[in-house]
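Trainee: coords06.cif is the file, holding mmCIF, C-alpha atoms:
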```cif
data_coords
#
loop_
_atom_site.group_PDB
_atom_site.id
_atom_site.type_symbol
_atom_site.label_atom_id
_atom_site.label_comp_id
_atom_site.auth_asym_id
_atom_site.auth_seq_id
_atom_site.Cartn_x
_atom_site.Cartn_y
_atom_site.Cartn_z
ATOM 1 C CA MET A 1 12.983 -25.144 4.448
ATOM 2 C CA ILE A 2 11.400 -22.659 6.857
ATOM 3 C CA ILE A 3 14.290 -20.280 6.205
ATOM 4 C CA PHE A 4 13.675 -20.316 2.436
ATOM 5 C CA ILE A 5 9.937 -19.753 2.915
ATOM 6 C CA ALA A 6 10.795 -16.816 5.176
ATOM 7 C CA LEU A 7 13.236 -15.462 2.580
ATOM 8 C CA ALA A 8 10.626 -15.715 -0.200
ATOM 9 C CA ILE A 9 8.046 -13.861 1.917
ATOM 10 C CA ALA A 10 10.720 -11.337 2.919
ATOM 11 C CA SER A 11 11.432 -10.636 -0.755
ATOM 12 C CA GLY A 12 7.810 -9.553 -1.133
ATOM 13 C CA LEU A 13 7.923 -7.441 2.031
ATOM 14 C CA LEU A 14 11.093 -5.772 0.711
ATOM 15 C CA VAL A 15 9.387 -4.966 -2.605
ATOM 16 C CA GLY A 16 6.579 -3.278 -0.657
ATOM 17 C CA LEU A 17 9.038 -1.474 1.621
ATOM 18 C CA SER A 18 11.008 -0.211 -1.375
ATOM 19 C CA ARG A 19 7.869 1.144 -3.075
ATOM 20 C CA GLN A 20 6.750 2.802 0.165
ATOM 21 C CA LEU A 21 10.139 4.516 0.658
ATOM 22 C CA ASN A 22 10.377 5.597 -2.992
ATOM 23 C CA GLY A 23 6.816 6.884 -2.755
ATOM 24 C CA ARG A 24 7.725 8.931 0.327
ATOM 25 C CA LEU A 25 10.743 10.366 -1.503
ATOM 26 C CA ALA A 26 8.540 11.301 -4.469
ATOM 27 C CA LEU A 27 6.185 13.071 -2.063
ATOM 28 C CA SER A 28 8.964 15.589 -1.276
ATOM 29 C CA THR A 29 10.733 15.542 -4.652
ATOM 30 C CA ASN A 30 9.114 13.982 -7.732
ATOM 31 C CA ALA A 31 8.731 10.532 -9.301
ATOM 32 C CA TRP A 32 11.772 10.875 -11.618
ATOM 33 C CA GLU A 33 14.077 11.985 -8.835
ATOM 34 C CA SER A 34 12.785 9.152 -6.646
ATOM 35 C CA SER A 35 13.635 6.693 -9.436
ATOM 36 C CA PHE A 36 17.116 8.237 -9.798
ATOM 37 C CA TRP A 37 17.916 7.859 -6.084
ATOM 38 C CA ASN A 38 16.542 4.318 -6.052
ATOM 39 C CA HIS A 39 18.929 3.371 -8.847
ATOM 40 C CA ILE A 40 22.077 5.137 -7.676
ATOM 41 C CA VAL A 41 21.688 3.983 -4.047
ATOM 42 C CA GLY A 42 20.880 0.463 -5.269
ATOM 43 C CA LEU A 43 23.953 0.586 -7.547
ATOM 44 C CA GLY A 44 26.151 1.502 -4.580
ATOM 45 C CA PHE A 45 24.634 -1.269 -2.471
ATOM 46 C CA VAL A 46 24.953 -4.000 -5.127
ATOM 47 C CA SER A 47 28.530 -2.843 -5.894
ATOM 48 C CA LEU A 48 29.375 -3.161 -2.200
ATOM 49 C CA ILE A 49 27.971 -6.707 -2.094
ATOM 50 C CA ALA A 50 30.003 -7.520 -5.222
ATOM 51 C CA LEU A 51 33.196 -6.119 -3.650
ATOM 52 C CA ILE A 52 32.674 -8.275 -0.558
ATOM 53 C CA GLY A 53 31.492 -11.428 -2.330
ATOM 54 C CA GLY A 54 33.404 -11.068 -5.594
ATOM 55 C CA GLY A 55 32.579 -12.830 -8.852
ATOM 56 C CA LEU A 56 30.635 -9.998 -10.441
ATOM 57 C CA PHE A 57 32.015 -10.663 -13.925
ATOM 58 C CA THR A 58 32.134 -14.459 -13.758
ATOM 59 C CA GLY A 59 30.710 -16.245 -16.788
ATOM 60 C CA ALA A 60 30.391 -14.779 -20.269
ATOM 61 C CA PRO A 61 28.045 -11.816 -19.804
ATOM 62 C CA LEU A 62 29.216 -10.161 -23.028
ATOM 63 C CA ASP A 63 27.795 -13.081 -24.994
ATOM 64 C CA ALA A 64 24.269 -12.118 -23.896
ATOM 65 C CA PRO A 65 22.005 -10.639 -26.606
ATOM 66 C CA TRP A 66 22.080 -6.811 -26.697
ATOM 67 C CA TRP A 67 18.444 -6.450 -25.613
ATOM 68 C CA ALA A 68 19.209 -8.247 -22.339
ATOM 69 C CA TYR A 69 20.980 -5.026 -21.303
ATOM 70 C CA LEU A 70 17.804 -2.924 -21.557
ATOM 71 C CA GLY A 71 16.464 -3.846 -18.103
ATOM 72 C CA GLY A 72 17.859 -0.644 -16.540
ATOM 73 C CA PRO A 73 15.916 1.862 -18.658
ATOM 74 C CA ILE A 74 12.743 -0.201 -18.155
ATOM 75 C CA GLY A 75 13.409 -0.179 -14.399
ATOM 76 C CA VAL A 76 13.695 3.629 -14.319
ATOM 77 C CA LEU A 77 10.217 3.889 -15.798
ATOM 78 C CA PHE A 78 8.907 1.169 -13.456
ATOM 79 C CA ILE A 79 10.132 2.822 -10.239
ATOM 80 C CA ALA A 80 8.889 6.242 -11.367
ATOM 81 C CA ALA A 81 5.449 4.791 -12.175
ATOM 82 C CA GLY A 82 5.233 3.022 -8.807
ATOM 83 C CA SER A 83 6.260 6.161 -6.873
ATOM 84 C CA TRP A 84 3.671 8.146 -8.802
ATOM 85 C CA ALA A 85 0.807 5.664 -8.389
ATOM 86 C CA ILE A 86 1.274 4.820 -4.694
ATOM 87 C CA ASN A 87 0.634 8.415 -3.629
ATOM 88 C CA ARG A 88 -2.597 8.535 -5.637
ATOM 89 C CA ILE A 89 -4.288 5.140 -5.246
ATOM 90 C CA GLY A 90 -2.506 3.739 -2.164
ATOM 91 C CA ALA A 91 -0.106 0.853 -1.605
ATOM 92 C CA ALA A 92 -2.650 -1.992 -1.797
ATOM 93 C CA GLN A 93 -4.254 -0.934 -5.080
ATOM 94 C CA THR A 94 -0.846 -0.133 -6.582
ATOM 95 C CA ALA A 95 0.419 -3.584 -5.589
ATOM 96 C CA MET A 96 -2.615 -5.421 -6.906
ATOM 97 C CA LEU A 97 -2.647 -3.582 -10.236
ATOM 98 C CA ILE A 98 1.089 -4.124 -10.729
ATOM 99 C CA ILE A 99 0.636 -7.832 -9.939
ATOM 100 C CA ALA A 100 -2.325 -7.972 -12.355
ATOM 101 C CA GLY A 101 -0.325 -6.262 -15.096
ATOM 102 C CA GLN A 102 2.661 -8.520 -14.506
ATOM 103 C CA MET A 103 0.575 -11.694 -14.658
ATOM 104 C CA ILE A 104 -1.445 -10.780 -17.749
ATOM 105 C CA SER A 105 1.576 -9.482 -19.695
ATOM 106 C CA GLY A 106 3.433 -12.656 -18.655
ATOM 107 C CA VAL A 107 0.727 -14.756 -20.299
ATOM 108 C CA LEU A 108 0.949 -12.620 -23.458
ATOM 109 C CA ILE A 109 4.754 -12.941 -23.580
ATOM 110 C CA ASP A 110 4.593 -16.717 -23.005
ATOM 111 C CA PHE A 111 2.004 -16.956 -25.767
ATOM 112 C CA ALA A 112 4.051 -14.808 -28.170
ATOM 113 C CA MET A 113 7.198 -16.842 -27.490
ATOM 114 C CA GLY A 114 5.351 -20.109 -28.003
ATOM 115 C CA ILE A 115 5.990 -21.378 -24.462
ATOM 116 C CA PRO A 116 3.695 -24.367 -23.874
ATOM 117 C CA GLY A 117 1.128 -24.152 -21.091
ATOM 118 C CA ALA A 118 -2.380 -25.204 -20.155
ATOM 119 C CA ALA A 119 -4.936 -23.088 -22.040
ATOM 120 C CA TRP A 120 -7.598 -23.582 -19.334
ATOM 121 C CA ALA A 121 -5.230 -22.243 -16.674
ATOM 122 C CA ARG A 122 -4.302 -19.192 -18.734
ATOM 123 C CA ILE A 123 -7.954 -18.352 -19.473
ATOM 124 C CA LEU A 124 -9.090 -18.964 -15.873
ATOM 125 C CA GLY A 125 -6.143 -17.044 -14.406
ATOM 126 C CA VAL A 126 -6.636 -13.991 -16.625
ATOM 127 C CA ALA A 127 -10.431 -14.065 -16.035
ATOM 128 C CA LEU A 128 -9.972 -14.108 -12.241
ATOM 129 C CA ILE A 129 -7.499 -11.209 -12.422
ATOM 130 C CA LEU A 130 -9.753 -9.119 -14.675
ATOM 131 C CA ALA A 131 -12.656 -9.773 -12.267
ATOM 132 C CA GLY A 132 -10.424 -8.660 -9.395
ATOM 133 C CA ILE A 133 -9.555 -5.396 -11.144
ATOM 134 C CA TRP A 134 -13.222 -4.810 -11.944
ATOM 135 C CA VAL A 135 -14.288 -5.298 -8.305
ATOM 136 C CA THR A 136 -11.571 -2.956 -7.051
ATOM 137 C CA ARG A 137 -12.269 -0.234 -9.575
ATOM 138 C CA GLN A 138 -15.842 0.093 -8.267
ATOM 139 C CA SER A 139 -14.452 1.528 -5.022
ATOM 140 C CA LYS A 140 -13.186 4.791 -6.514
ATOM 141 C CA SER A 141 -16.138 6.733 -5.110
ATOM 142 C CA GLY A 142 -15.203 5.612 -1.587
ATOM 143 C CA MET B 1 0.514 17.088 4.530
ATOM 144 C CA SER B 2 -1.727 17.959 1.580
ATOM 145 C CA SER B 3 -4.429 15.437 0.699
ATOM 146 C CA PRO B 4 -3.643 13.184 -2.263
ATOM 147 C CA PRO B 5 -5.331 13.879 -5.614
ATOM 148 C CA ALA B 6 -8.505 11.890 -6.296
ATOM 149 C CA PRO B 7 -7.829 8.550 -8.003
ATOM 150 C CA ARG B 8 -8.409 8.623 -11.715
ATOM 151 C CA PHE B 9 -8.444 5.982 -14.442
ATOM 152 C CA ILE B 10 -4.968 7.072 -15.572
ATOM 153 C CA HIS B 11 -3.504 6.144 -12.153
ATOM 154 C CA TYR B 12 -4.930 2.630 -12.360
ATOM 155 C CA LEU B 13 -3.778 2.272 -15.947
ATOM 156 C CA GLY B 14 -0.288 3.492 -15.024
ATOM 157 C CA ALA B 15 0.083 0.924 -12.234
ATOM 158 C CA PHE B 16 -1.253 -1.847 -14.494
ATOM 159 C CA ALA B 17 1.196 -0.871 -17.256
ATOM 160 C CA ALA B 18 4.040 -0.841 -14.710
ATOM 161 C CA GLY B 19 3.232 -4.507 -14.060
ATOM 162 C CA GLY B 20 3.852 -5.146 -17.756
ATOM 163 C CA LEU B 21 7.289 -3.548 -17.367
ATOM 164 C CA ILE B 22 8.144 -6.188 -14.712
ATOM 165 C CA SER B 23 7.514 -8.943 -17.247
ATOM 166 C CA LEU B 24 9.911 -7.243 -19.655
ATOM 167 C CA MET B 25 12.519 -6.849 -16.892
ATOM 168 C CA LEU B 26 12.188 -10.531 -15.960
ATOM 169 C CA LEU B 27 12.950 -11.286 -19.608
ATOM 170 C CA THR B 28 15.982 -8.950 -19.910
ATOM 171 C CA ASN B 29 17.507 -9.529 -16.462
ATOM 172 C CA GLY B 30 16.716 -13.248 -16.520
ATOM 173 C CA THR B 31 18.494 -13.595 -19.865
ATOM 174 C CA LEU B 32 21.471 -11.637 -18.519
ATOM 175 C CA ALA B 33 21.645 -14.018 -15.525
ATOM 176 C CA GLN B 34 21.927 -16.985 -17.926
ATOM 177 C CA TYR B 35 25.209 -15.572 -19.267
ATOM 178 C CA GLY B 36 26.620 -13.913 -16.157
ATOM 179 C CA THR B 37 25.997 -14.116 -12.413
ATOM 180 C CA LEU B 38 22.766 -13.142 -10.710
ATOM 181 C CA LEU B 39 24.574 -10.241 -9.057
ATOM 182 C CA PHE B 40 25.687 -9.035 -12.503
ATOM 183 C CA SER B 41 22.083 -9.199 -13.738
ATOM 184 C CA SER B 42 21.144 -6.780 -10.936
ATOM 185 C CA TRP B 43 24.259 -4.587 -11.152
ATOM 186 C CA VAL B 44 23.945 -3.829 -14.896
ATOM 187 C CA PRO B 45 20.327 -2.536 -14.809
ATOM 188 C CA HIS B 46 21.158 -0.411 -11.757
ATOM 189 C CA LEU B 47 24.107 1.100 -13.661
ATOM 190 C CA THR B 48 22.316 1.738 -16.963
ATOM 191 C CA GLY B 49 19.210 2.857 -15.062
ATOM 192 C CA THR B 50 21.239 5.422 -13.119
ATOM 193 C CA VAL B 51 22.670 6.807 -16.378
ATOM 194 C CA LEU B 52 19.217 7.097 -17.965
ATOM 195 C CA ALA B 53 17.707 8.633 -14.808
ATOM 196 C CA ILE B 54 20.424 11.334 -14.826
ATOM 197 C CA ALA B 55 19.677 12.031 -18.503
ATOM 198 C CA ILE B 56 15.947 12.321 -17.756
ATOM 199 C CA LEU B 57 16.550 14.698 -14.820
ATOM 200 C CA LEU B 58 18.828 16.871 -16.996
ATOM 201 C CA ALA B 59 16.370 16.901 -19.895
ATOM 202 C CA LEU B 60 13.092 17.414 -18.017
ATOM 203 C CA LYS B 61 14.416 19.299 -14.958
ATOM 204 C CA PRO B 62 11.340 18.260 -12.937
ATOM 205 C CA ALA B 63 10.639 20.623 -10.033
ATOM 206 C CA ARG B 64 10.518 19.350 -6.461
ATOM 207 C CA VAL B 65 6.995 19.190 -5.056
ATOM 208 C CA THR B 66 7.952 20.964 -1.824
ATOM 209 C CA PRO B 67 11.008 22.914 -0.690
ATOM 210 C CA GLU B 68 11.128 20.736 2.439
ATOM 211 C CA ARG B 69 13.915 18.178 2.375
ATOM 212 C CA PRO B 70 12.798 14.542 2.525
ATOM 213 C CA PRO B 71 13.973 12.522 5.552
ATOM 214 C CA LEU B 72 17.263 10.700 4.919
ATOM 215 C CA TRP B 73 15.697 7.245 5.332
ATOM 216 C CA ALA B 74 13.450 7.960 2.336
ATOM 217 C CA TYR B 75 16.553 7.546 0.148
ATOM 218 C CA LEU B 76 16.963 3.882 1.160
ATOM 219 C CA GLY B 77 14.464 2.351 -1.305
ATOM 220 C CA GLY B 78 17.394 1.181 -3.448
ATOM 221 C CA VAL B 79 18.917 -0.785 -0.548
ATOM 222 C CA SER B 80 15.609 -2.560 -0.019
ATOM 223 C CA GLY B 81 15.537 -3.303 -3.756
ATOM 224 C CA GLY B 82 19.066 -4.729 -3.657
ATOM 225 C CA LEU B 83 18.193 -6.949 -0.692
ATOM 226 C CA THR B 84 15.161 -8.199 -2.655
ATOM 227 C CA VAL B 85 17.480 -9.649 -5.309
ATOM 228 C CA ILE B 86 19.499 -11.529 -2.673
ATOM 229 C CA ALA B 87 16.437 -12.903 -0.843
ATOM 230 C CA THR B 88 14.773 -13.935 -4.113
ATOM 231 C CA SER B 89 17.829 -15.702 -5.507
ATOM 232 C CA ALA B 90 18.381 -17.643 -2.261
ATOM 233 C CA ALA B 91 14.748 -18.795 -2.128
ATOM 234 C CA MET B 92 14.634 -19.583 -5.858
ATOM 235 C CA ASN B 93 17.471 -22.110 -5.551
ATOM 236 C CA SER B 94 15.632 -24.083 -2.864
ATOM 237 C CA ALA B 95 12.784 -26.585 -3.219
ATOM 238 C CA LEU B 96 10.436 -23.591 -3.587
ATOM 239 C CA ALA B 97 11.754 -23.056 -7.144
ATOM 240 C CA LEU B 98 10.755 -19.985 -9.131
ATOM 241 C CA SER B 99 6.979 -20.524 -8.914
ATOM 242 C CA GLY B 100 6.911 -21.009 -5.136
ATOM 243 C CA THR B 101 9.204 -18.025 -4.609
ATOM 244 C CA ILE B 102 7.033 -15.758 -6.761
ATOM 245 C CA ALA B 103 3.824 -16.930 -5.052
ATOM 246 C CA LEU B 104 5.168 -16.345 -1.516
ATOM 247 C CA GLY B 105 6.707 -13.042 -2.641
ATOM 248 C CA LEU B 106 3.323 -11.840 -3.912
ATOM 249 C CA ALA B 107 1.760 -12.822 -0.577
ATOM 250 C CA GLY B 108 4.420 -10.816 1.299
ATOM 251 C CA GLN B 109 3.892 -7.834 -0.985
ATOM 252 C CA ILE B 110 0.102 -7.886 -0.494
ATOM 253 C CA VAL B 111 0.284 -8.195 3.315
ATOM 254 C CA PHE B 112 2.815 -5.358 3.469
ATOM 255 C CA SER B 113 0.737 -3.072 1.239
ATOM 256 C CA LEU B 114 -2.459 -3.605 3.289
ATOM 257 C CA PHE B 115 -0.596 -2.906 6.524
ATOM 258 C CA ALA B 116 1.152 0.132 4.991
ATOM 259 C CA ASP B 117 -2.172 1.615 3.807
ATOM 260 C CA ALA B 118 -3.947 0.999 7.111
ATOM 261 C CA ARG B 119 -1.167 2.704 9.074
ATOM 262 C CA GLY B 120 -0.072 5.328 6.526
ATOM 263 C CA LEU B 121 3.404 3.821 6.873
ATOM 264 C CA PHE B 122 6.439 6.099 6.281
ATOM 265 C CA GLY B 123 4.353 9.240 5.923
ATOM 266 C CA LEU B 124 2.284 8.138 2.933
ATOM 267 C CA PRO B 125 -1.457 8.888 2.880
ATOM 268 C CA GLN B 126 -3.386 6.635 5.269
ATOM 269 C CA ARG B 127 -6.161 4.716 3.587
ATOM 270 C CA MET B 128 -8.199 2.009 5.312
ATOM 271 C CA PRO B 129 -8.640 -0.941 2.910
ATOM 272 C CA GLY B 130 -12.338 -1.733 2.315
ATOM 273 C CA TRP B 131 -14.129 -4.962 1.473
ATOM 274 C CA ARG B 132 -13.731 -4.271 -2.248
ATOM 275 C CA ASP B 133 -9.967 -4.151 -1.803
ATOM 276 C CA PHE B 134 -10.009 -7.532 -0.070
ATOM 277 C CA ALA B 135 -12.364 -9.013 -2.679
ATOM 278 C CA GLY B 136 -10.167 -7.688 -5.492
ATOM 279 C CA LEU B 137 -6.999 -8.950 -3.833
ATOM 280 C CA THR B 138 -8.527 -12.399 -3.311
ATOM 281 C CA LEU B 139 -9.542 -12.682 -6.980
ATOM 282 C CA ILE B 140 -6.209 -11.360 -8.287
ATOM 283 C CA SER B 141 -4.243 -13.642 -5.934
ATOM 284 C CA ALA B 142 -6.309 -16.654 -7.020
ATOM 285 C CA GLY B 143 -5.733 -15.811 -10.683
ATOM 286 C CA ALA B 144 -2.006 -15.277 -10.057
ATOM 287 C CA LEU B 145 -1.700 -18.652 -8.297
ATOM 288 C CA VAL B 146 -3.459 -20.439 -11.176
ATOM 289 C CA LEU B 147 -1.083 -18.793 -13.682
ATOM 290 C CA ILE B 148 2.056 -19.380 -11.590
ATOM 291 C CA PHE B 149 1.444 -23.070 -10.984
ATOM 292 C CA PHE B 150 -0.487 -24.128 -14.113
ATOM 293 C CA GLY B 151 -0.053 -21.353 -16.698
ATOM 294 C CA ALA B 152 3.237 -22.432 -18.259
ATOM 295 C CA THR B 153 5.079 -25.739 -18.311
ATOM 296 C CA PRO B 154 8.805 -25.044 -18.374
#
```
Is it possible to express this structure as structure tokens?

Mentor:
Amino acid sequence: MIIFIALAIASGLLVGLSRQLNGRLALSTNAWESSFWNHIVGLGFVSLIALIGGGLFTGAPLDAPWWAYLGGPIGVLFIAAGSWAINRIGAAQTAMLIIAGQMISGVLIDFAMGIPGAAWARILGVALILAGIWVTRQSKSG
Amino acid sequence: MSSPPAPRFIHYLGAFAAGGLISLMLLTNGTLAQYGTLLFSSWVPHLTGTVLAIAILLALKPARVTPERPPLWAYLGGVSGGLTVIATSAAMNSALALSGTIALGLAGQIVFSLFADARGLFGLPQRMPGWRDFAGLTLISAGALVLIFFGATP
């Protein structure tokens, strides 16, 4: 169990590491180029894993709805935005705002798709996050 | 190294909106993983993303900020991203499930970002986190935990 807990924490550390490296690349190039390198290097790496492990095309991926294939273009925008923000508001504020945006949009998507959930938890969760953003935003003069 | 531009509302809004993009990606890539393998659901967006990024670079021709070449290790963000997929999928299939994996992942991300800011890790601007950062992080983490564990019943 310890190993899985470590892996889950490591996944978060790797997200931070990736944003830090892409941010550094954007500092010398620009946010779009940083996003390009992130994707092409990641493509090479995932392809390598697939060559070693095999089974890339197992299943029936062509049966997936067309919009399921749009994750790539969204990712390009996401990496560019992260590389742009981290050099302006820092890693911690970038991370917390991305987490806030992810959580609140997740609630909206769940709501729109009619996924059942506790209303009190959704209201409390969103309220806490909005309060967190408000507290942080006061520090811009610092 | 030149000092970073002063934070503006647009920077905060941009980062917040980027968080919304993650939710959309979870939807697209998660759906893809239901039909194919998890590796496929990471490989496809990397491929289509690369194609779009090339198109954007050709169309906008954005200039490099400095003529200095970036260090070679700065190009490795994509490897770290690929490893994230592997670590996440391994943890997700344990007793942690999706909610536990996301919660621990957020904790890892927050600890890393605070450490990175305090040290100016990898040549990014150094920025000592203040009490407002910790207060904000505590509130956002609490809200995220409530949503992750009680927000939706699968």

Trainee: Could you give me, as a CSV table (one decimal) with C-alpha atoms, in the frame of the given file, the residues that have an atom at most 6 Å away from the point (4.4, 4.9, -4.8) in the coordinates of the file, using all atoms listed in the file?

Mentor:
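Ended up saving to result-v4.csv:
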```
chain,number,residue,atom,x,y,z
A,19,ARG,CA,7.9,1.1,-3.1
A,20,GLN,CA,6.8,2.8,0.2
A,23,GLY,CA,6.8,6.9,-2.8
A,82,GLY,CA,5.2,3.0,-8.8
A,83,SER,CA,6.3,6.2,-6.9
A,84,TRP,CA,3.7,8.1,-8.8
A,85,ALA,CA,0.8,5.7,-8.4
A,86,ILE,CA,1.3,4.8,-4.7
A,87,ASN,CA,0.6,8.4,-3.6
```

Trainee: Quick one: pull the distance between CA of Ile74 in chain A and CA of Phe122 in chain B, Å, one decimal.

Mentor: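 Rounded to one decimal, the two atoms are 26.0 Å apart.
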
Trainee: Name the residues that the PyMOL selection byres ((chain B and resi 53) around 12) pulls out of this structure, and write them as a VMD selection string.

Mentor: (chain A and resid 31 to 40 72 to 80) or (chain B and resid 45 to 52 54 to 62)

Trainee: For chain A, list the residues within 6 Å of chain B, counting all atoms listed in the file, and write the list as a PDB file with C-alpha atoms, in the coordinates of the input.

Mentor:
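The resulting result-v2.pdb:
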```
ATOM      1  CA  PHE A   4      13.675 -20.316   2.436  1.00  0.00           C
ATOM      2  CA  LEU A   7      13.236 -15.462   2.580  1.00  0.00           C
ATOM      3  CA  ALA A   8      10.626 -15.715  -0.200  1.00  0.00           C
ATOM      4  CA  ILE A   9       8.046 -13.861   1.917  1.00  0.00           C
ATOM      5  CA  SER A  11      11.432 -10.636  -0.755  1.00  0.00           C
ATOM      6  CA  GLY A  12       7.810  -9.553  -1.133  1.00  0.00           C
ATOM      7  CA  LEU A  13       7.923  -7.441   2.031  1.00  0.00           C
ATOM      8  CA  LEU A  14      11.093  -5.772   0.711  1.00  0.00           C
ATOM      9  CA  GLY A  16       6.579  -3.278  -0.657  1.00  0.00           C
ATOM     10  CA  SER A  18      11.008  -0.211  -1.375  1.00  0.00           C
ATOM     11  CA  LEU A  21      10.139   4.516   0.658  1.00  0.00           C
ATOM     12  CA  ASN A  22      10.377   5.597  -2.992  1.00  0.00           C
ATOM     13  CA  LEU A  25      10.743  10.366  -1.503  1.00  0.00           C
ATOM     14  CA  SER A  28       8.964  15.589  -1.276  1.00  0.00           C
ATOM     15  CA  THR A  29      10.733  15.542  -4.652  1.00  0.00           C
ATOM     16  CA  ASN A  30       9.114  13.982  -7.732  1.00  0.00           C
ATOM     17  CA  PHE A  36      17.116   8.237  -9.798  1.00  0.00           C
ATOM     18  CA  ASN A  38      16.542   4.318  -6.052  1.00  0.00           C
ATOM     19  CA  HIS A  39      18.929   3.371  -8.847  1.00  0.00           C
ATOM     20  CA  ILE A  40      22.077   5.137  -7.676  1.00  0.00           C
ATOM     21  CA  VAL A  41      21.688   3.983  -4.047  1.00  0.00           C
ATOM     22  CA  GLY A  42      20.880   0.463  -5.269  1.00  0.00           C
ATOM     23  CA  LEU A  43      23.953   0.586  -7.547  1.00  0.00           C
ATOM     24  CA  LEU A  56      30.635  -9.998 -10.441  1.00  0.00           C
ATOM     25  CA  GLY A  59      30.710 -16.245 -16.788  1.00  0.00           C
ATOM     26  CA  ALA A  60      30.391 -14.779 -20.269  1.00  0.00           C
ATOM     27  CA  PRO A  61      28.045 -11.816 -19.804  1.00  0.00           C
ATOM     28  CA  ALA A  64      24.269 -12.118 -23.896  1.00  0.00           C
ATOM     29  CA  ALA A  68      19.209  -8.247 -22.339  1.00  0.00           C
ATOM     30  CA  GLY A  71      16.464  -3.846 -18.103  1.00  0.00           C
ATOM     31  CA  GLY A  72      17.859  -0.644 -16.540  1.00  0.00           C
ATOM     32  CA  PRO A  73      15.916   1.862 -18.658  1.00  0.00           C
ATOM     33  CA  VAL A  76      13.695   3.629 -14.319  1.00  0.00           C
ATOM     34  CA  PHE A  78       8.907   1.169 -13.456  1.00  0.00           C
ATOM     35  CA  ALA A  85       0.807   5.664  -8.389  1.00  0.00           C
ATOM     36  CA  ARG A  88      -2.597   8.535  -5.637  1.00  0.00           C
ATOM     37  CA  ILE A  89      -4.288   5.140  -5.246  1.00  0.00           C
ATOM     38  CA  ALA A  91      -0.106   0.853  -1.605  1.00  0.00           C
ATOM     39  CA  ALA A  92      -2.650  -1.992  -1.797  1.00  0.00           C
ATOM     40  CA  THR A  94      -0.846  -0.133  -6.582  1.00  0.00           C
ATOM     41  CA  LEU A  97      -2.647  -3.582 -10.236  1.00  0.00           C
ATOM     42  CA  ILE A  98       1.089  -4.124 -10.729  1.00  0.00           C
ATOM     43  CA  ILE A  99       0.636  -7.832  -9.939  1.00  0.00           C
ATOM     44  CA  GLY A 101      -0.325  -6.262 -15.096  1.00  0.00           C
ATOM     45  CA  GLN A 102       2.661  -8.520 -14.506  1.00  0.00           C
ATOM     46  CA  SER A 105       1.576  -9.482 -19.695  1.00  0.00           C
ATOM     47  CA  GLY A 106       3.433 -12.656 -18.655  1.00  0.00           C
ATOM     48  CA  PRO A 116       3.695 -24.367 -23.874  1.00  0.00           C
ATOM     49  CA  GLY A 117       1.128 -24.152 -21.091  1.00  0.00           C
ATOM     50  CA  ALA A 118      -2.380 -25.204 -20.155  1.00  0.00           C
ATOM     51  CA  ALA A 121      -5.230 -22.243 -16.674  1.00  0.00           C
ATOM     52  CA  ARG A 122      -4.302 -19.192 -18.734  1.00  0.00           C
ATOM     53  CA  GLY A 125      -6.143 -17.044 -14.406  1.00  0.00           C
ATOM     54  CA  LEU A 128      -9.972 -14.108 -12.241  1.00  0.00           C
ATOM     55  CA  ILE A 129      -7.499 -11.209 -12.422  1.00  0.00           C
ATOM     56  CA  GLY A 132     -10.424  -8.660  -9.395  1.00  0.00           C
ATOM     57  CA  VAL A 135     -14.288  -5.298  -8.305  1.00  0.00           C
ATOM     58  CA  THR A 136     -11.571  -2.956  -7.051  1.00  0.00           C
TER      59      THR A 136
END
```

Trainee: Quick one: distance from CA of Ala112 in chain A to CA of Leu70 in chain A in Å, one decimal?

Mentor: 19.3 Å
